[in-house]
Amino acid sequence: MQAIRQYFAEDQFAARCKIQLVSVEEGRAVASVSIQPWHLNAYGTVQGGAIFTLADCAFAAASNSHGSVAVGISVSINYIKAAKCGSLRAEAKEAGRNAKLGVYLVEVRDDAGDLVATFQGMVYRKNEAIRPRQAQQE
């Protein structure tokens with residue numbers, strides 16, 4: 001799992017969004033973000049794209065956790081409850097996997113444990129091992 005952690009440590013977009021990879025194990029991952037004023041939309045709630053990005057990061061870590069490159073081919077999200085402050089936590093779980101495809105379910109919850117969004121994603125599994133960019137350059 002160390003290679004997966006190193007791989008996702010190089011995700012510049014997640015870093016800019018202040019998303020943290022909390023845990024990763026085969027077929028599962030948890031990511032979190034502390035809500036900042038720049039995560040909010042004009043209405044004062046967390047922007048849907050910020051919630052999507054958090055869920056997508058957990059999805060990416062869980063789907064790549066088997067050590068081979070997995071790329072998203074289809075995703076959907078349902079927003080259940082608005083979030084305004086505190087933090088959000090996304091937990092991704094593998095629902096099904098074969099040699100070429102994988103399906104993952106992600107729940108995004110707020111500090112109270114209330115469901116903020118559900119996300120479902122499908123990946124295509126490539127015949128390529130996960131390697132952090134730093135290792136690729138050596």
# chains A, B, ... in the order shown; residues from 1 in each chain; ligands from 1
>>> select_by_dssp(residues="range 41-136 of chain A", states="strand (DSSP E or B)", output="PyMOL selection string")
chain A and resi 46+68-79+87-97+101-110+115-129
>>> residues_around(residues="Met122 in chain A", least_positions_apart="4", cutoff="9 Å", atoms="only C-alpha atoms", output="compact mmCIF listing (two decimals) with N, CA and C atoms, in the first residue's frame")
# COMPACT_ATOMS: atom_id res chain seq x y z
N SER A 63 -9.91 2.12 -6.19
CA SER A 63 -9.85 1.36 -7.44
C SER A 63 -8.43 1.04 -7.88
N VAL A 71 -8.61 3.43 -14.44
CA VAL A 71 -9.06 4.76 -14.86
C VAL A 71 -10.57 4.79 -14.92
N GLY A 72 -11.14 5.89 -14.42
CA GLY A 72 -12.60 6.03 -14.40
C GLY A 72 -13.17 6.08 -15.81
N ILE A 73 -14.26 5.35 -16.02
CA ILE A 73 -14.94 5.39 -17.32
C ILE A 73 -16.40 5.84 -17.19
N SER A 74 -16.94 5.80 -15.98
CA SER A 74 -18.31 6.26 -15.77
C SER A 74 -18.51 6.54 -14.29
N VAL A 75 -19.09 7.70 -13.98
CA VAL A 75 -19.38 8.04 -12.59
C VAL A 75 -20.71 8.79 -12.51
N LEU A 101 -12.81 -4.59 -15.32
CA LEU A 101 -13.69 -3.55 -14.80
C LEU A 101 -13.81 -3.63 -13.29
N GLY A 102 -14.14 -2.52 -12.69
CA GLY A 102 -14.41 -2.48 -11.25
C GLY A 102 -15.50 -1.46 -10.97
N VAL A 103 -16.35 -1.75 -10.01
CA VAL A 103 -17.41 -0.83 -9.60
C VAL A 103 -17.22 -0.49 -8.13
N TYR A 104 -17.34 0.80 -7.82
CA TYR A 104 -17.08 1.30 -6.48
C TYR A 104 -18.23 2.21 -6.03
>>> residues_around(residues="range 85-93 of chain A", least_positions_apart="5", cutoff="6 Å", atoms="only C-alpha atoms", output="PyMOL selection string")
chain A and resi 27-35+55+58-59+104-111
>>> closest_atom_pairs(of="range 32-89 of chain A", to="range 14-26 of chain A", cutoff="7 Å", atoms="only C-alpha atoms", output="JSON lines")
{"residue": "A:Ser32", "atom": "CA", "partner": "A:Gln20", "partner_atom": "CA", "distance": 5.3}
{"residue": "A:Val33", "atom": "CA", "partner": "A:Ile19", "partner_atom": "CA", "distance": 4.8}
{"residue": "A:Leu54", "atom": "CA", "partner": "A:Ile19", "partner_atom": "CA", "distance": 6.7}
{"residue": "A:Ala61", "atom": "CA", "partner": "A:Val24", "partner_atom": "CA", "distance": 6.7}
{"residue": "A:Ala62", "atom": "CA", "partner": "A:Val24", "partner_atom": "CA", "distance": 6.6}
{"residue": "A:Ser65", "atom": "CA", "partner": "A:Glu26", "partner_atom": "CA", "distance": 5.1}
{"residue": "A:His66", "atom": "CA", "partner": "A:Glu26", "partner_atom": "CA", "distance": 5.7}
>>> select_by_dssp(residues="chain A", states="helix (DSSP H, G or I)", output="ChimeraX atom specification")
/A:2-9,12-16,37-39,48-64,133-137
>>> write_last_selection(atoms="N, CA and C atoms", output="mmCIF file, in the first residue's frame")
data_model
loop_
_atom_site.group_PDB
_atom_site.id
_atom_site.type_symbol
_atom_site.label_atom_id
_atom_site.label_comp_id
_atom_site.auth_asym_id
_atom_site.auth_seq_id
_atom_site.Cartn_x
_atom_site.Cartn_y
_atom_site.Cartn_z
ATOM 1 N N GLN A 2 2.123 1.141 0.350
ATOM 2 C CA GLN A 2 2.990 2.316 0.363
ATOM 3 C C GLN A 2 3.111 2.930 -1.033
ATOM 4 N N ALA A 3 3.186 2.090 -2.072
ATOM 5 C CA ALA A 3 3.271 2.594 -3.449
ATOM 6 C C ALA A 3 2.007 3.380 -3.808
ATOM 7 N N ILE A 4 0.863 2.910 -3.350
ATOM 8 C CA ILE A 4 -0.403 3.607 -3.613
ATOM 9 C C ILE A 4 -0.396 4.961 -2.913
ATOM 10 N N ARG A 5 0.048 5.000 -1.671
ATOM 11 C CA ARG A 5 0.124 6.270 -0.938
ATOM 12 C C ARG A 5 1.066 7.257 -1.634
ATOM 13 N N GLN A 6 2.233 6.762 -2.079
ATOM 14 C CA GLN A 6 3.185 7.626 -2.792
ATOM 15 C C GLN A 6 2.584 8.123 -4.099
ATOM 16 N N TYR A 7 1.899 7.239 -4.802
ATOM 17 C CA TYR A 7 1.263 7.572 -6.074
ATOM 18 C C TYR A 7 0.272 8.720 -5.879
ATOM 19 N N PHE A 8 -0.581 8.614 -4.867
ATOM 20 C CA PHE A 8 -1.590 9.641 -4.647
ATOM 21 C C PHE A 8 -1.040 10.876 -3.951
ATOM 22 N N ALA A 9 0.121 10.784 -3.343
ATOM 23 C CA ALA A 9 0.768 11.971 -2.787
ATOM 24 C C ALA A 9 1.163 12.927 -3.904
ATOM 25 N N GLN A 12 -1.629 16.518 -7.635
ATOM 26 C CA GLN A 12 -1.548 17.960 -7.397
ATOM 27 C C GLN A 12 -2.914 18.601 -7.202
ATOM 28 N N PHE A 13 -3.924 18.114 -7.923
ATOM 29 C CA PHE A 13 -5.263 18.689 -7.784
ATOM 30 C C PHE A 13 -5.823 18.425 -6.391
ATOM 31 N N ALA A 14 -5.709 17.199 -5.922
ATOM 32 C CA ALA A 14 -6.187 16.858 -4.576
ATOM 33 C C ALA A 14 -5.438 17.686 -3.534
ATOM 34 N N ALA A 15 -4.144 17.860 -3.734
ATOM 35 C CA ALA A 15 -3.348 18.660 -2.798
ATOM 36 C C ALA A 15 -3.839 20.106 -2.772
ATOM 37 N N ARG A 16 -4.126 20.670 -3.932
ATOM 38 C CA ARG A 16 -4.629 22.053 -3.995
ATOM 39 C C ARG A 16 -5.977 22.200 -3.318
ATOM 40 N N PRO A 37 -13.426 28.441 3.331
ATOM 41 C CA PRO A 37 -14.337 29.391 2.675
ATOM 42 C C PRO A 37 -14.332 29.264 1.144
ATOM 43 N N TRP A 38 -13.202 28.900 0.561
ATOM 44 C CA TRP A 38 -13.134 28.788 -0.902
ATOM 45 C C TRP A 38 -13.759 27.500 -1.426
ATOM 46 N N HIS A 39 -14.247 26.604 -0.540
ATOM 47 C CA HIS A 39 -15.021 25.434 -0.961
ATOM 48 C C HIS A 39 -16.500 25.791 -1.155
ATOM 49 N N GLY A 48 -20.778 21.743 -5.267
ATOM 50 C CA GLY A 48 -20.920 20.355 -5.691
ATOM 51 C C GLY A 48 -19.649 19.769 -6.262
ATOM 52 N N GLY A 49 -18.881 20.584 -6.961
ATOM 53 C CA GLY A 49 -17.621 20.112 -7.540
ATOM 54 C C GLY A 49 -16.609 19.735 -6.473
ATOM 55 N N ALA A 50 -16.643 20.422 -5.331
ATOM 56 C CA ALA A 50 -15.731 20.089 -4.231
ATOM 57 C C ALA A 50 -16.119 18.740 -3.624
ATOM 58 N N ILE A 51 -17.414 18.501 -3.474
ATOM 59 C CA ILE A 51 -17.882 17.212 -2.950
ATOM 60 C C ILE A 51 -17.539 16.102 -3.943
ATOM 61 N N PHE A 52 -17.761 16.376 -5.226
ATOM 62 C CA PHE A 52 -17.441 15.390 -6.262
ATOM 63 C C PHE A 52 -15.951 15.049 -6.239
ATOM 64 N N THR A 53 -15.109 16.069 -6.133
ATOM 65 C CA THR A 53 -13.666 15.853 -6.125
ATOM 66 C C THR A 53 -13.240 14.988 -4.946
ATOM 67 N N LEU A 54 -13.804 15.232 -3.776
ATOM 68 C CA LEU A 54 -13.500 14.415 -2.602
ATOM 69 C C LEU A 54 -13.890 12.961 -2.856
ATOM 70 N N ALA A 55 -15.108 12.735 -3.340
ATOM 71 C CA ALA A 55 -15.576 11.372 -3.623
ATOM 72 C C ALA A 55 -14.704 10.714 -4.695
ATOM 73 N N ASP A 56 -14.334 11.478 -5.704
ATOM 74 C CA ASP A 56 -13.514 10.956 -6.799
ATOM 75 C C ASP A 56 -12.131 10.532 -6.311
ATOM 76 N N CYS A 57 -11.575 11.265 -5.364
ATOM 77 C CA CYS A 57 -10.260 10.903 -4.814
ATOM 78 C C CYS A 57 -10.332 9.579 -4.056
ATOM 79 N N ALA A 58 -11.368 9.392 -3.248
ATOM 80 C CA ALA A 58 -11.534 8.121 -2.536
ATOM 81 C C ALA A 58 -11.746 6.985 -3.535
ATOM 82 N N PHE A 59 -12.557 7.224 -4.553
ATOM 83 C CA PHE A 59 -12.811 6.263 -5.628
ATOM 84 C C PHE A 59 -11.508 5.875 -6.326
ATOM 85 N N ALA A 60 -10.694 6.851 -6.657
ATOM 86 C CA ALA A 60 -9.430 6.595 -7.346
ATOM 87 C C ALA A 60 -8.496 5.748 -6.488
ATOM 88 N N ALA A 61 -8.382 6.083 -5.220
ATOM 89 C CA ALA A 61 -7.487 5.323 -4.343
ATOM 90 C C ALA A 61 -7.972 3.887 -4.170
ATOM 91 N N ALA A 62 -9.268 3.706 -3.951
ATOM 92 C CA ALA A 62 -9.808 2.352 -3.774
ATOM 93 C C ALA A 62 -9.641 1.521 -5.036
ATOM 94 N N SER A 63 -9.908 2.125 -6.188
ATOM 95 C CA SER A 63 -9.854 1.358 -7.437
ATOM 96 C C SER A 63 -8.432 1.043 -7.883
ATOM 97 N N ASN A 64 -7.475 1.833 -7.458
ATOM 98 C CA ASN A 64 -6.071 1.575 -7.796
ATOM 99 C C ASN A 64 -5.351 0.771 -6.709
ATOM 100 N N ARG A 133 5.407 8.656 -9.957
ATOM 101 C CA ARG A 133 6.189 9.338 -11.001
ATOM 102 C C ARG A 133 7.666 9.385 -10.683
ATOM 103 N N GLN A 134 7.979 9.566 -9.420
ATOM 104 C CA GLN A 134 9.379 9.622 -9.003
ATOM 105 C C GLN A 134 10.084 8.309 -9.387
ATOM 106 N N ALA A 135 9.427 7.180 -9.196
ATOM 107 C CA ALA A 135 9.997 5.872 -9.551
ATOM 108 C C ALA A 135 10.075 5.701 -11.066
ATOM 109 N N GLN A 136 9.141 6.317 -11.799
ATOM 110 C CA GLN A 136 9.135 6.215 -13.253
ATOM 111 C C GLN A 136 10.337 6.946 -13.860
ATOM 112 N N GLN A 137 10.793 8.001 -13.204
ATOM 113 C CA GLN A 137 11.877 8.823 -13.709
ATOM 114 C C GLN A 137 13.244 8.201 -13.458
#
>>> residues_around(residues="Lys126 in chain A", least_positions_apart="5", cutoff="7 Å", atoms="only C-alpha atoms", output="mmCIF file with N, CA and C atoms, in the first residue's frame")
data_model
loop_
_atom_site.group_PDB
_atom_site.id
_atom_site.type_symbol
_atom_site.label_atom_id
_atom_site.label_comp_id
_atom_site.auth_asym_id
_atom_site.auth_seq_id
_atom_site.Cartn_x
_atom_site.Cartn_y
_atom_site.Cartn_z
ATOM 1 N N SER A 68 -2.687 -2.136 -9.855
ATOM 2 C CA SER A 68 -2.679 -1.882 -11.298
ATOM 3 C C SER A 68 -3.463 -0.599 -11.569
ATOM 4 N N VAL A 69 -3.094 0.074 -12.638
ATOM 5 C CA VAL A 69 -3.731 1.341 -12.991
ATOM 6 C C VAL A 69 -5.199 1.102 -13.336
ATOM 7 N N ALA A 70 -6.063 1.870 -12.704
ATOM 8 C CA ALA A 70 -7.499 1.826 -12.970
ATOM 9 C C ALA A 70 -7.937 3.249 -13.305
#
